[in-house]
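Participant: The structure that follows is given in the form of structure tokens.
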Amino acid sequence: MRRRPNYVAGVGSLVWLFVVGLPLFVLLAATLRTRQDYAENGPVSLPDSFTLDNFTGAFDSGFGQYFFNTLVVTACVIGIVLLLVPPLAYAIVRSRGRATSAIFRLFLLGLAIPAQAVIVPMFYLISEAGLYDNLLGVILPTAAFCLPMSALILSGSMRDISPELYEAMAMDGASPRRMFFQLVVPLSRGGLSTIVVFSALQAWNGFLFPLVLTQSESTKVVTLGLYNFQTAHGIDIPGLLGAVVLSMVPILLVYLFARRALVQGLMGVGGK
């Protein structure tokens, strides 16, 4: 039996495509227009002529240095999270000791503490440690605030691993270390991908810590560098949106490479 077309669903899809597509069109079209063209014809008009000056101008204004600094911060934060969270989550899942449970509760307490509430003591701590206006002074607190949520996500993913698999490896004489590297890590790829994307987003989009803990041009990151497009005479909107598009590319690539495992981790089936 032939089904009738669902016209309501088709109309709804077109409306949703318009709602999603219009902001993307405005964003991408503006990056290919001159400032004068954008001011005269408005944001939703087609460009009179295409130009790549907004992208090249972003790097000429020092955006390349900010981009590199953000890459360094993001890579280091991801590295710290991947170094500390998997063994911690493994201990949380497999250990029945009170000390491990207490540490896990302490990590969960970190979820309730916003960065704004500790930024002043954090400023004094980083200054006393000699890390003010240093990328390391941004990396460490950013990674610290990623640890609680990452531990919660990864421990949930590791709990999906069947106890029979642990028992089978134990019968073969496998040590806890061997179980971790040969069983837990391969079956937790969904959770690992989730915490990588989460940590990358937190580090790449970080604003408060770089704003308070750095001040020189050599340590600026992307989120602070976007201020350069605001002058006393106005805002260079095409140039600003060009820089925004450039800042979106790395996170988009991270998501594209990790999207399948990320979806599995969010669905709670990372260990299956």
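Chain labels run A, B, ... following the order of the structure tokens; each chain numbers its residues from 1, and ligands are numbered from 1 in the order shown.
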Would you list, as a short mmCIF file (atom, residue, chain, number, x, y, z; two decimals) with C-alpha atoms, in the first residue's frame, the residues of segment 19-185 of chain A that end up in alpha helix (DSSP H) under DSSP run on this structure's backbone?

Facilitator:
```
data_model
loop_
_atom_site.label_atom_id
_atom_site.label_comp_id
_atom_site.auth_asym_id
_atom_site.auth_seq_id
_atom_site.Cartn_x
_atom_site.Cartn_y
_atom_site.Cartn_z
CA VAL A 19 15.52 28.78 10.81
CA VAL A 20 18.86 26.95 10.87
CA GLY A 21 20.12 28.03 7.47
CA LEU A 22 19.51 31.79 7.68
CA PRO A 23 21.99 32.44 10.54
CA LEU A 24 24.58 30.27 8.78
CA PHE A 25 24.06 32.18 5.54
CA VAL A 26 24.41 35.53 7.32
CA LEU A 27 27.56 34.32 9.07
CA LEU A 28 29.30 32.86 6.01
CA ALA A 29 28.18 35.56 3.57
CA ALA A 30 29.44 38.33 5.87
CA THR A 31 32.93 36.81 5.97
CA ARG A 35 32.88 46.31 5.52
CA GLN A 36 31.39 48.95 3.23
CA ASP A 37 29.27 46.41 1.34
CA TYR A 38 27.96 44.97 4.63
CA ALA A 39 27.06 48.43 5.97
CA GLU A 40 25.32 49.60 2.79
CA ASN A 41 23.35 46.47 1.81
CA ASP A 53 40.47 39.98 3.19
CA ASN A 54 38.51 39.27 6.38
CA PHE A 55 40.43 36.03 6.90
CA THR A 56 43.85 37.39 5.96
CA GLY A 57 43.17 40.55 7.97
CA ALA A 58 42.42 38.47 11.06
CA PHE A 59 45.89 36.92 10.94
CA ASP A 60 47.52 40.26 10.13
CA PHE A 63 44.93 36.44 15.41
CA GLY A 64 47.42 33.76 14.38
CA GLN A 65 49.24 34.10 17.72
CA TYR A 66 45.96 33.92 19.62
CA PHE A 67 44.98 30.88 17.58
CA PHE A 68 48.26 29.12 18.38
CA ASN A 69 47.96 29.96 22.09
CA THR A 70 44.45 28.51 22.18
CA LEU A 71 45.65 25.35 20.44
CA VAL A 72 48.37 24.96 23.08
CA VAL A 73 45.91 25.49 25.94
CA THR A 74 43.37 23.09 24.46
CA ALA A 75 45.91 20.35 23.68
CA CYS A 76 47.43 20.56 27.18
CA VAL A 77 44.02 20.51 28.89
CA ILE A 78 42.98 17.44 26.88
CA GLY A 79 46.30 15.77 27.72
CA ILE A 80 45.91 16.40 31.46
CA VAL A 81 42.33 15.13 31.43
CA LEU A 82 43.24 11.97 29.51
CA LEU A 83 46.19 11.36 31.82
CA LEU A 84 44.28 11.71 35.11
CA VAL A 85 40.64 10.83 34.49
CA PRO A 86 40.79 7.25 33.05
CA PRO A 87 42.79 5.79 36.00
CA LEU A 88 40.59 7.73 38.43
CA ALA A 89 37.36 6.51 36.80
CA TYR A 90 38.72 2.94 36.75
CA ALA A 91 39.50 3.13 40.46
CA ILE A 92 36.04 4.56 41.18
CA VAL A 93 34.31 1.75 39.30
CA ARG A 94 36.43 -1.17 40.51
CA ARG A 98 36.07 4.31 51.47
CA ALA A 99 38.97 6.50 50.36
CA THR A 100 38.03 6.09 46.69
CA SER A 101 34.39 6.89 47.42
CA ALA A 102 35.42 9.98 49.37
CA ILE A 103 37.60 11.19 46.49
CA PHE A 104 34.74 10.66 44.05
CA ARG A 105 32.36 12.68 46.26
CA LEU A 106 34.98 15.42 46.44
CA PHE A 107 35.13 15.50 42.65
CA LEU A 108 31.34 15.68 42.44
CA LEU A 109 31.44 18.63 44.83
CA ALA A 115 34.57 29.37 38.30
CA GLN A 116 33.29 32.89 39.07
CA ALA A 117 33.12 32.02 42.77
CA VAL A 118 36.83 31.14 43.02
CA ILE A 119 38.37 33.48 40.47
CA VAL A 120 39.77 35.87 43.10
CA PRO A 121 41.57 33.22 45.20
CA MET A 122 42.61 31.58 41.93
CA PHE A 123 44.19 34.86 40.83
CA TYR A 124 46.22 35.10 44.06
CA LEU A 125 47.20 31.42 43.89
CA ILE A 126 48.40 31.67 40.31
CA SER A 127 50.26 34.91 41.07
CA GLU A 128 52.02 33.41 44.10
CA LEU A 135 49.68 29.95 29.46
CA LEU A 136 50.35 27.37 32.16
CA GLY A 137 48.40 29.57 34.56
CA VAL A 138 45.38 29.20 32.24
CA ILE A 139 45.88 25.50 31.50
CA LEU A 140 45.95 24.24 35.10
CA PRO A 141 42.68 25.80 36.38
CA THR A 142 40.89 25.02 33.12
CA ALA A 143 41.90 21.36 33.39
CA ALA A 144 40.95 21.30 37.07
CA PHE A 145 37.41 22.45 36.29
CA CYS A 146 37.13 19.81 33.54
CA LEU A 147 38.05 16.92 35.86
CA PRO A 148 34.78 16.53 37.86
CA MET A 149 32.46 16.28 34.87
CA SER A 150 34.95 14.15 32.93
CA ALA A 151 35.29 11.71 35.85
CA LEU A 152 31.52 11.47 36.14
CA ILE A 153 31.08 10.81 32.40
CA LEU A 154 33.88 8.26 32.11
CA SER A 155 32.99 6.34 35.28
CA GLY A 156 29.45 5.99 33.94
CA SER A 157 30.84 4.65 30.65
CA MET A 158 33.10 2.16 32.45
CA PRO A 163 31.55 -7.86 35.11
CA GLU A 164 31.91 -11.20 33.29
CA LEU A 165 34.66 -9.67 31.14
CA TYR A 166 36.63 -8.72 34.25
CA GLU A 167 36.14 -12.21 35.66
CA ALA A 168 37.28 -13.83 32.42
CA MET A 169 40.49 -11.79 32.36
CA ALA A 170 41.07 -12.45 36.05
CA MET A 171 40.82 -16.20 35.41
CA PRO A 176 44.48 -4.81 37.21
CA ARG A 177 46.91 -2.84 35.06
CA ARG A 178 46.48 -5.25 32.15
CA MET A 179 42.68 -5.14 32.56
CA VAL A 185 40.34 1.58 27.68
#
```

Participant: In Å, with one decimal, what is the gap from atom CA of Phe257 of chain A to atom CA of Thr194 of chain A?

Facilitator: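 For atom CA of Phe257 of chain A relative to atom CA of Thr194 of chain A, the distance reads 11.6 Å.
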
Participant: Go through A:Arg33, A:Arg3, A:Arg159, A:Arg96 and flag the residue nearest Gly239 of chain A, using only C-alpha atoms for the distances.

Facilitator: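 Ranked by minimum distance to Gly239 of chain A, first place goes to A:Arg33.
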